[in-house]
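Dumped my_file.tsv below, it's TSV, C-alpha atoms and all ligand atoms:
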```tsv
chain	number	residue	atom	x	y	z
A	1	MET	CA	35.41	37.74	-23.03
A	2	GLY	CA	31.69	38.37	-23.15
A	3	TYR	CA	28.87	40.79	-22.45
A	4	ASP	CA	26.23	40.93	-19.74
A	5	ILE	CA	23.23	42.82	-21.10
A	6	ILE	CA	21.28	44.33	-18.20
A	7	GLY	CA	17.59	45.36	-18.29
A	8	ASP	CA	15.65	48.49	-17.30
A	9	ILE	CA	16.64	49.44	-13.72
A	10	HIS	CA	14.12	52.25	-12.99
A	11	GLY	CA	15.82	53.37	-9.76
A	12	GLU	CA	16.11	49.89	-8.22
A	13	ALA	CA	19.74	50.21	-7.08
A	14	GLY	CA	19.41	47.32	-4.63
A	15	LYS	CA	18.43	44.94	-7.43
A	16	LEU	CA	21.30	46.29	-9.56
A	17	ARG	CA	23.84	45.64	-6.78
A	18	ALA	CA	22.46	42.13	-6.23
A	19	LEU	CA	22.53	41.32	-9.94
A	20	LEU	CA	26.08	42.63	-10.46
A	21	LYS	CA	27.22	40.59	-7.48
A	22	ARG	CA	25.62	37.44	-8.88
A	23	LEU	CA	27.29	38.14	-12.22
A	24	GLY	CA	30.69	38.34	-10.52
A	25	TYR	CA	31.29	42.11	-10.68
A	26	VAL	CA	33.30	43.51	-7.76
A	27	GLU	CA	34.00	47.07	-6.70
A	28	SER	CA	37.44	48.43	-7.42
A	29	ALA	CA	38.29	52.14	-6.90
A	30	GLY	CA	34.57	53.01	-6.81
A	31	VAL	CA	33.68	51.15	-10.01
A	32	MET	CA	31.92	47.80	-10.38
A	33	ARG	CA	33.99	45.65	-12.73
A	34	HIS	CA	34.25	42.10	-13.97
A	35	PRO	CA	37.76	40.76	-14.58
A	36	GLU	CA	36.87	39.55	-18.08
A	37	ARG	CA	33.41	40.75	-19.03
A	38	THR	CA	31.70	44.00	-20.01
A	39	ALA	CA	28.20	45.05	-18.94
A	40	ILE	CA	25.75	46.69	-21.35
A	41	PHE	CA	22.79	48.68	-20.02
A	42	VAL	CA	19.74	48.98	-22.28
A	43	GLY	CA	18.54	52.28	-20.71
A	44	ASP	CA	15.65	53.33	-18.44
A	45	PHE	CA	17.85	53.89	-15.40
A	46	ILE	CA	15.41	56.32	-13.78
A	47	ASP	CA	11.78	56.93	-12.72
A	48	ARG	CA	9.57	54.78	-10.47
A	49	GLY	CA	12.02	53.14	-8.00
A	50	PRO	CA	13.34	54.30	-4.61
A	51	HIS	CA	17.03	54.94	-5.47
A	52	GLN	CA	17.44	57.16	-8.53
A	53	LEU	CA	20.81	58.80	-7.79
A	54	ASP	CA	22.18	55.65	-6.22
A	55	THR	CA	21.45	53.81	-9.48
A	56	LEU	CA	23.19	56.48	-11.57
A	57	ASN	CA	26.14	56.47	-9.15
A	58	ILE	CA	26.68	52.80	-9.97
A	59	VAL	CA	26.00	52.95	-13.72
A	60	ARG	CA	27.81	56.19	-14.64
A	61	PRO	CA	31.26	55.25	-13.30
A	62	MET	CA	30.97	51.88	-15.03
A	63	VAL	CA	30.25	53.55	-18.38
A	64	GLU	CA	32.83	56.30	-17.90
A	65	SER	CA	35.57	53.80	-17.02
A	66	GLY	CA	34.80	51.31	-19.81
A	67	SER	CA	33.45	48.62	-17.50
A	68	ALA	CA	30.07	49.02	-19.25
A	69	PHE	CA	28.35	50.41	-22.34
A	70	ALA	CA	24.88	51.94	-22.23
A	71	THR	CA	22.12	53.07	-24.59
A	72	MET	CA	19.39	55.66	-24.00
A	73	GLY	CA	15.92	54.60	-22.82
A	74	ASN	CA	12.70	56.52	-23.37
A	75	HIS	CA	12.82	57.67	-19.73
A	76	GLU	CA	16.22	59.34	-20.25
A	77	PHE	CA	14.87	60.92	-23.45
A	78	ASN	CA	11.86	62.22	-21.51
A	79	ALA	CA	14.11	63.51	-18.71
A	80	ILE	CA	16.12	65.56	-21.22
A	81	ALA	CA	12.90	66.88	-22.82
A	82	TRP	CA	11.52	67.77	-19.37
A	83	TYR	CA	14.70	69.77	-18.67
A	84	LEU	CA	15.08	71.69	-21.97
A	85	ARG	CA	13.06	74.82	-22.72
A	86	ASP	CA	10.81	74.82	-25.77
A	87	PRO	CA	12.16	77.53	-28.12
A	88	ASP	CA	8.70	77.95	-29.69
A	89	ARG	CA	6.61	78.32	-26.51
A	90	SER	CA	7.78	80.78	-23.89
A	91	ASP	CA	7.62	79.41	-20.34
A	92	GLU	CA	7.18	75.85	-21.50
A	93	TYR	CA	9.57	72.94	-21.89
A	94	LEU	CA	10.02	70.33	-24.66
A	95	ARG	CA	8.11	67.91	-22.44
A	96	PRO	CA	5.23	70.05	-21.20
A	97	ARG	CA	5.04	70.91	-17.50
A	98	LYS	CA	1.76	72.82	-17.63
A	99	GLY	CA	-1.87	71.78	-17.67
A	100	GLU	CA	-3.25	68.29	-17.40
A	101	ILE	CA	-0.51	66.81	-19.64
A	102	GLY	CA	2.09	68.53	-17.46
A	103	GLU	CA	0.60	66.89	-14.36
A	104	LYS	CA	0.81	63.46	-16.03
A	105	ASN	CA	4.41	64.13	-17.15
A	106	ARG	CA	5.46	65.28	-13.66
A	107	HIS	CA	3.81	62.24	-12.09
A	108	GLN	CA	5.77	59.87	-14.40
A	109	HIS	CA	9.02	61.69	-13.52
A	110	ALA	CA	8.31	62.31	-9.80
A	111	ALA	CA	10.76	59.82	-8.26
A	112	PHE	CA	13.66	61.29	-10.24
A	113	LEU	CA	12.62	64.92	-9.69
A	114	ALA	CA	12.35	64.34	-5.93
A	115	GLU	CA	16.06	63.51	-5.87
A	116	VAL	CA	17.40	66.20	-8.25
A	117	GLU	CA	15.01	69.16	-8.44
A	118	HIS	CA	16.57	70.87	-5.40
A	119	LYS	CA	20.10	70.27	-6.77
A	120	PRO	CA	20.17	72.23	-10.05
A	121	ASP	CA	23.89	71.70	-10.74
A	122	LEU	CA	23.59	67.95	-10.31
A	123	HIS	CA	20.38	67.89	-12.37
A	124	ALA	CA	22.18	69.70	-15.23
A	125	GLU	CA	25.16	67.36	-15.01
A	126	ILE	CA	22.91	64.27	-15.20
A	127	ILE	CA	21.04	65.67	-18.21
A	128	ASP	CA	24.41	66.19	-19.95
A	129	TRP	CA	25.28	62.58	-19.18
A	130	PHE	CA	21.94	61.38	-20.59
A	131	LEU	CA	22.77	63.32	-23.79
A	132	SER	CA	26.03	61.33	-24.01
A	133	LEU	CA	24.10	58.03	-24.31
A	134	PRO	CA	23.90	56.64	-27.86
A	135	LEU	CA	20.49	55.76	-29.28
A	136	TRP	CA	21.79	52.32	-30.22
A	137	LEU	CA	24.93	50.18	-30.13
A	138	GLU	CA	26.28	48.28	-33.10
A	139	LEU	CA	29.13	46.11	-31.81
A	140	PRO	CA	30.99	43.64	-34.02
A	141	GLU	CA	29.23	40.74	-32.24
A	142	LEU	CA	25.81	42.07	-31.24
A	143	ARG	CA	23.33	44.96	-31.27
A	144	VAL	CA	21.53	46.84	-28.52
A	145	ILE	CA	18.57	49.24	-28.69
A	146	HIS	CA	16.07	50.18	-26.02
A	147	ALA	CA	12.92	48.98	-27.84
A	148	CYS	CA	13.06	48.34	-31.59
A	149	TRP	CA	15.86	47.48	-34.03
A	150	HIS	CA	14.55	49.12	-37.20
A	151	PRO	CA	17.23	49.20	-39.92
A	152	GLY	CA	15.25	51.51	-42.22
A	153	PHE	CA	14.55	54.10	-39.51
A	154	MET	CA	18.14	53.91	-38.25
A	155	ALA	CA	19.49	54.60	-41.74
A	156	GLU	CA	17.18	57.62	-41.96
A	157	LEU	CA	18.09	58.91	-38.50
A	158	GLU	CA	21.86	58.32	-38.44
A	159	PRO	CA	22.85	61.28	-40.70
A	160	LYS	CA	20.86	63.61	-38.40
A	161	LEU	CA	22.70	62.45	-35.26
A	162	LYS	CA	26.01	63.55	-33.78
A	163	PRO	CA	28.91	61.07	-34.20
A	164	GLY	CA	28.39	58.14	-31.86
A	165	ARG	CA	24.61	58.22	-32.60
A	166	LEU	CA	23.96	60.98	-30.07
A	167	LEU	CA	21.09	63.43	-29.87
A	168	ASP	CA	21.89	67.13	-29.47
A	169	GLU	CA	19.61	69.95	-28.38
A	170	VAL	CA	18.52	70.76	-31.96
A	171	MET	CA	17.51	67.13	-32.51
A	172	MET	CA	15.81	67.06	-29.10
A	173	VAL	CA	13.56	69.94	-30.24
A	174	LYS	CA	12.61	68.12	-33.47
A	175	ALA	CA	12.21	64.70	-31.82
A	176	SER	CA	9.92	66.21	-29.16
A	177	SER	CA	7.55	67.69	-31.70
A	178	LYS	CA	4.73	65.31	-32.68
A	179	GLY	CA	4.30	65.03	-36.44
A	180	THR	CA	7.95	65.53	-37.43
A	181	ALA	CA	9.92	62.72	-39.08
A	182	GLU	CA	12.42	62.90	-36.22
A	183	TYR	CA	9.66	62.37	-33.64
A	184	ASN	CA	8.43	59.24	-35.38
A	185	LEU	CA	11.94	57.80	-35.87
A	186	VAL	CA	13.13	58.31	-32.28
A	187	GLU	CA	9.77	57.29	-30.78
A	188	THR	CA	9.82	54.01	-32.71
A	189	LEU	CA	13.40	53.12	-31.74
A	190	LEU	CA	12.85	53.94	-28.05
A	191	LYS	CA	9.24	52.72	-27.61
A	192	GLY	CA	8.54	50.23	-30.41
A	193	ILE	CA	6.52	50.16	-33.61
A	194	GLU	CA	2.92	51.22	-33.25
A	195	VAL	CA	0.01	50.32	-35.52
A	196	GLN	CA	-3.37	52.00	-35.73
A	197	LEU	CA	-6.02	49.36	-35.00
A	198	PRO	CA	-8.69	48.94	-37.72
A	199	PRO	CA	-11.72	51.26	-37.36
A	200	GLY	CA	-13.94	50.29	-34.43
A	201	TYR	CA	-11.24	48.35	-32.55
A	202	PHE	CA	-9.75	49.56	-29.28
A	203	PHE	CA	-8.65	48.31	-25.86
A	204	LYS	CA	-8.05	49.63	-22.36
A	205	ASP	CA	-4.40	49.79	-21.34
A	206	LYS	CA	-3.04	49.12	-17.83
A	207	SER	CA	-3.82	52.69	-16.76
A	208	GLY	CA	-7.41	52.35	-17.98
A	209	HIS	CA	-6.89	54.63	-21.01
A	210	THR	CA	-8.74	53.69	-24.20
A	211	ARG	CA	-6.18	52.96	-26.92
A	212	HIS	CA	-6.83	52.82	-30.65
A	213	GLU	CA	-3.25	51.83	-31.49
A	214	ALA	CA	-0.96	49.07	-30.28
A	215	ARG	CA	2.76	48.25	-30.19
A	216	THR	CA	3.75	45.19	-32.23
A	217	ARG	CA	5.81	42.01	-31.94
A	218	TRP	CA	8.30	43.36	-34.49
A	219	TRP	CA	10.75	40.52	-33.73
A	220	ASP	CA	8.28	37.81	-34.80
A	221	GLU	CA	8.35	37.26	-38.54
A	222	ALA	CA	5.13	35.20	-38.37
A	223	ALA	CA	3.20	37.99	-36.61
A	224	THR	CA	1.68	39.47	-39.76
A	225	THR	CA	-1.91	40.09	-38.60
A	226	TYR	CA	-3.41	42.40	-35.98
A	227	ARG	CA	-4.37	39.43	-33.83
A	228	LEU	CA	-0.83	37.99	-33.88
A	229	ALA	CA	1.20	41.19	-33.92
A	230	ALA	CA	-0.51	43.49	-31.39
A	231	LEU	CA	1.06	43.68	-27.92
A	232	VAL	CA	-2.26	43.81	-26.08
A	233	PRO	CA	-3.80	41.71	-23.31
A	234	PRO	CA	-4.61	38.19	-24.62
A	235	GLU	CA	-8.36	38.71	-24.21
A	236	THR	CA	-8.08	41.80	-26.44
A	237	ALA	CA	-5.88	40.05	-29.00
A	238	ALA	CA	-8.52	37.33	-29.43
A	239	LEU	CA	-11.01	40.00	-30.54
A	240	LEU	CA	-8.68	41.64	-33.09
A	241	PRO	CA	-9.16	40.87	-36.79
A	242	ASP	CA	-7.01	38.29	-38.49
A	243	THR	CA	-6.17	40.74	-41.27
A	244	GLU	CA	-2.68	41.86	-42.29
A	245	ILE	CA	-1.01	44.80	-40.58
A	246	PRO	CA	0.45	47.41	-42.96
A	247	ASN	CA	3.69	46.38	-44.64
A	248	ASP	CA	5.57	49.36	-43.26
A	249	ALA	CA	4.85	48.10	-39.72
A	250	ARG	CA	6.78	44.90	-40.39
A	251	ILE	CA	10.54	44.53	-39.99
A	252	SER	CA	11.26	40.79	-40.29
A	253	TYR	CA	14.60	40.93	-38.50
A	254	GLY	CA	16.53	38.34	-40.45
A	255	ALA	CA	20.18	38.97	-39.59
A	256	ASP	CA	22.06	36.31	-37.62
A	257	LYS	CA	23.57	38.95	-35.31
A	258	PRO	CA	21.84	38.98	-31.90
A	259	VAL	CA	19.78	42.02	-30.85
A	260	PHE	CA	19.08	42.87	-27.21
A	261	VAL	CA	16.26	45.17	-26.07
A	262	GLY	CA	14.59	46.23	-22.84
A	263	HIS	CA	11.39	48.27	-22.47
A	264	TYR	CA	8.55	45.76	-22.73
A	265	TRP	CA	7.72	45.19	-19.00
A	266	ARG	CA	7.69	41.45	-19.49
A	267	THR	CA	6.67	39.07	-16.71
A	268	GLY	CA	7.03	35.35	-16.10
A	269	LYS	CA	10.00	33.15	-16.72
A	270	PRO	CA	12.54	34.98	-18.91
A	271	ALA	CA	12.70	33.56	-22.43
A	272	ILE	CA	14.21	34.73	-25.69
A	273	LEU	CA	11.82	36.39	-28.17
A	274	SER	CA	13.38	34.67	-31.18
A	275	PRO	CA	16.67	32.86	-31.89
A	276	THR	CA	18.36	36.25	-32.40
A	277	VAL	CA	16.27	38.68	-30.28
A	278	ALA	CA	16.14	38.82	-26.47
A	279	CYS	CA	14.37	41.24	-24.13
A	280	VAL	CA	15.99	41.80	-20.72
A	281	ASP	CA	13.19	43.91	-19.16
A	282	TYR	CA	11.29	41.77	-16.63
A	283	SER	CA	9.66	44.68	-14.78
A	284	ALA	CA	12.27	45.44	-12.10
A	285	GLY	CA	10.45	48.77	-11.73
A	286	LYS	CA	7.12	47.03	-10.93
A	287	GLY	CA	8.16	44.35	-8.44
A	288	GLY	CA	9.92	42.00	-10.85
A	289	PRO	CA	13.56	40.93	-10.92
A	290	LEU	CA	16.33	42.85	-12.62
A	291	VAL	CA	17.48	40.53	-15.38
A	292	ALA	CA	20.66	40.16	-17.44
A	293	TYR	CA	21.45	38.02	-20.45
A	294	ARG	CA	24.91	36.51	-20.06
A	295	TRP	CA	26.23	36.42	-23.62
A	296	GLY	CA	29.24	34.28	-24.41
A	297	GLY	CA	29.59	34.47	-28.19
A	298	GLU	CA	26.57	32.43	-29.33
A	299	SER	CA	24.76	33.55	-32.50
A	300	VAL	CA	21.66	31.54	-31.53
A	301	LEU	CA	20.42	32.83	-28.18
A	302	SER	CA	19.30	30.58	-25.32
A	303	SER	CA	16.67	31.14	-22.62
A	304	GLY	CA	19.04	29.34	-20.23
A	305	ASN	CA	21.41	32.33	-20.24
A	306	PHE	CA	19.25	34.78	-18.28
A	307	VAL	CA	20.51	35.71	-14.79
A	308	PHE	CA	18.24	37.26	-12.14
A	309	SER	CA	18.82	39.74	-9.33
A	310	SER	CA	17.45	37.35	-6.72
A	311	GLU	CA	17.40	33.61	-6.15
A	312	GLU	CA	13.68	33.74	-5.59
A	313	TYR	CA	13.29	34.06	-9.37
A	314	GLY	CA	15.54	31.14	-10.24
A	315	ASP	CA	19.10	29.87	-10.16
A	316	VAL	CA	22.08	31.50	-11.73
A	317	THR	CA	22.82	29.13	-14.57
A	318	ARG	CA	26.28	30.36	-15.50
A	319	SER	CA	27.57	32.52	-12.70
A	320	THR	CA	31.20	33.21	-13.60
B	1	MN	MN	11.37	51.87	-21.72
```
Written form, structure tokens:
Amino acid sequence: MGYDIIGDIHGEAGKLRALLKRLGYVESAGVMRHPERTAIFVGDFIDRGPHQLDTLNIVRPMVESGSAFATMGNHEFNAIAWYLRDPDRSDEYLRPRKGEIGEKNRHQHAAFLAEVEHKPDLHAEIIDWFLSLPLWLELPELRVIHACWHPGFMAELEPKLKPGRLLDEVMMVKASSKGTAEYNLVETLLKGIEVQLPPGYFFKDKSGHTRHEARTRWWDEAATTYRLAALVPPETAALLPDTEIPNDARISYGADKPVFVGHYWRTGKPAILSPTVACVDYSAGKGGPLVAYRWGGESVLSSGNFVFSSEEYGDVTRST
């Protein structure tokens, strides 16, 4: 028995099929299954790639039949918020559709909308399925969250969730409203911890936007300063001060139970982030491979256990 933890798919159904095949999953009665193993998806099934519904038509039956578990990614959260009306603003939705922000939101969601917007019943059914995805998984052997395992925030959020760690429409309203506790908690779990850079410091992100805050390497206990902790381009990191980030931005994940995340658009040769934390997002949605971590019971993770959707990225190390 074991688990195959699979990264952010972003509509790349071809890469998903190739990866499942390499992992030894075969179709049976319309569901991809492994005779002994269970898949776990870390979320971000949609947006960007060419095959949005195709991806969901592989993942959903796996989850519904027990061949896989799945957690919610920030793109599923955004899809729900795009769909639900804002009770406080007539003619607007929880994720705004109007104005300049609306244009940006639609652009991010365009690949998914192109496949569902003209099929309202299917769109509604998919949103319901997204709402059935837990925010995180706590299994006896391992943990899964889309971006950040934050025990303090999880303890705060859990009593507000439906059983099974699910969001409902009331929580969606709160978690979509900047400035609420719920917004900060859900945003951190699904997108990572963010720190305000010290006054005068900023950088340009990949889209060319000036940013005065940065996500952090929460998994790295030694990353205690802005220069070490900020997830920014290396040339930017070198300019950041070597002063301590705020204490409340540090987690120091110390448990010996492995945690798996996606979300971080990593590139290069897959490697674990720490002995107990691994990221399985290697940018399948931006030309990279879809990656899985083949977990077989080890409490200390190994970079040799990543499996890729294509040989061009490397060999399958343990393919059965
Ligand atoms: Mn993500």
Legend entry - Distance in Å - CA of Pro289 (chain A) versus CA of Gly262 (chain A):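 Interatomic distance, CA of Pro289 (chain A) to CA of Gly262 (chain A): 13.1 Å.
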Legend entry - Surrounding residues of Ala13 (chain A) excluding itself and chain neighbours under 4 positions, 10 Å, all atoms listed in the file, as a PyMOL selection string: chain A and resi 9+17-19+45+49-59+290
Sorted by chain and rising residue number, list the residues of chain A at most 6 Å from ligand MN 1 (chain B) (counting all atoms listed in the file), each with its closest atom pair and distance in Å to one decimal, as JSON lines.
```
{"residue": "A:Asp44", "atom": "CA", "partner": "B:MN1", "partner_atom": "MN", "distance": 5.6}
{"residue": "A:Gly73", "atom": "CA", "partner": "B:MN1", "partner_atom": "MN", "distance": 5.4}
{"residue": "A:Asn74", "atom": "CA", "partner": "B:MN1", "partner_atom": "MN", "distance": 5.1}
{"residue": "A:His263", "atom": "CA", "partner": "B:MN1", "partner_atom": "MN", "distance": 3.7}
```
Can you pull out the residues contacting Phe77 (chain A)? Cut-off 10 Å, using all atoms listed in the file, and skip same-chain residues under 4 positions away; I want them as a CSV table (one decimal) with C-alpha atoms, keeping the file's coordinate frame.
```
chain,number,residue,atom,x,y,z
A,43,GLY,CA,18.5,52.3,-20.7
A,44,ASP,CA,15.6,53.3,-18.4
A,72,MET,CA,19.4,55.7,-24.0
A,73,GLY,CA,15.9,54.6,-22.8
A,81,ALA,CA,12.9,66.9,-22.8
A,82,TRP,CA,11.5,67.8,-19.4
A,95,ARG,CA,8.1,67.9,-22.4
A,127,ILE,CA,21.0,65.7,-18.2
A,130,PHE,CA,21.9,61.4,-20.6
A,131,LEU,CA,22.8,63.3,-23.8
A,133,LEU,CA,24.1,58.0,-24.3
A,135,LEU,CA,20.5,55.8,-29.3
A,167,LEU,CA,21.1,63.4,-29.9
A,172,MET,CA,15.8,67.1,-29.1
A,175,ALA,CA,12.2,64.7,-31.8
A,176,SER,CA,9.9,66.2,-29.2
A,186,VAL,CA,13.1,58.3,-32.3
A,187,GLU,CA,9.8,57.3,-30.8
A,190,LEU,CA,12.8,53.9,-28.0
```
Let me have the centre and edge lengths of the axis-aligned box enclosing all listed atoms of region 176-183 of chain A with 8 Å padding on every side, in Å to one decimal, as JSON.
```
{"center_x": 8.4, "center_y": 65.0, "center_z": -34.1, "size_x": 24.1, "size_y": 21.3, "size_z": 25.9}
```
Any chance you could export region 106-128 of chain A with N, CA and C atoms, as a compact mmCIF listing (two decimals), in the first residue's frame?
```txt
# COMPACT_ATOMS: atom_id res chain seq x y z
N ARG A 106 -11.23 37.41 -15.14
CA ARG A 106 -11.74 36.62 -16.26
C ARG A 106 -10.59 36.03 -17.07
N HIS A 107 -9.55 36.84 -17.27
CA HIS A 107 -8.39 36.38 -18.02
C HIS A 107 -7.76 35.15 -17.35
N GLN A 108 -7.61 35.20 -16.01
CA GLN A 108 -7.02 34.07 -15.28
C GLN A 108 -7.86 32.80 -15.40
N HIS A 109 -9.18 32.98 -15.60
CA HIS A 109 -10.14 31.88 -15.55
C HIS A 109 -10.62 31.49 -16.95
N ALA A 110 -10.04 32.11 -17.99
CA ALA A 110 -10.60 32.04 -19.35
C ALA A 110 -10.64 30.61 -19.91
N ALA A 111 -9.60 29.83 -19.69
CA ALA A 111 -9.56 28.48 -20.27
C ALA A 111 -10.70 27.63 -19.71
N PHE A 112 -10.96 27.76 -18.42
CA PHE A 112 -12.05 27.01 -17.79
C PHE A 112 -13.40 27.53 -18.28
N LEU A 113 -13.58 28.85 -18.27
CA LEU A 113 -14.86 29.43 -18.68
C LEU A 113 -15.20 29.05 -20.12
N ALA A 114 -14.19 29.00 -20.98
CA ALA A 114 -14.44 28.67 -22.39
C ALA A 114 -15.08 27.29 -22.51
N GLU A 115 -14.81 26.41 -21.58
CA GLU A 115 -15.36 25.05 -21.67
C GLU A 115 -16.67 24.87 -20.90
N VAL A 116 -17.01 25.78 -19.98
CA VAL A 116 -18.23 25.56 -19.17
C VAL A 116 -19.27 26.68 -19.25
N GLU A 117 -18.87 27.87 -19.71
CA GLU A 117 -19.79 29.01 -19.58
C GLU A 117 -21.08 28.81 -20.38
N HIS A 118 -20.99 28.07 -21.49
CA HIS A 118 -22.19 27.82 -22.30
C HIS A 118 -22.92 26.56 -21.85
N LYS A 119 -22.48 25.95 -20.75
CA LYS A 119 -23.15 24.74 -20.22
C LYS A 119 -23.47 24.98 -18.74
N PRO A 120 -24.50 25.81 -18.45
CA PRO A 120 -24.74 26.22 -17.06
C PRO A 120 -24.98 25.06 -16.09
N ASP A 121 -25.64 23.99 -16.54
CA ASP A 121 -25.89 22.87 -15.62
C ASP A 121 -24.58 22.19 -15.22
N LEU A 122 -23.73 21.99 -16.22
CA LEU A 122 -22.43 21.36 -15.96
C LEU A 122 -21.57 22.28 -15.09
N HIS A 123 -21.59 23.58 -15.40
CA HIS A 123 -20.82 24.54 -14.59
C HIS A 123 -21.25 24.44 -13.12
N ALA A 124 -22.56 24.43 -12.88
CA ALA A 124 -23.07 24.35 -11.50
C ALA A 124 -22.64 23.05 -10.83
N GLU A 125 -22.70 21.96 -11.58
CA GLU A 125 -22.33 20.66 -11.02
C GLU A 125 -20.85 20.63 -10.63
N ILE A 126 -20.00 21.24 -11.47
CA ILE A 126 -18.56 21.27 -11.18
C ILE A 126 -18.28 22.14 -9.95
N ILE A 127 -18.98 23.27 -9.85
CA ILE A 127 -18.79 24.12 -8.66
C ILE A 127 -19.17 23.36 -7.39
N ASP A 128 -20.27 22.60 -7.44
CA ASP A 128 -20.66 21.76 -6.30
C ASP A 128 -19.56 20.76 -5.96
```
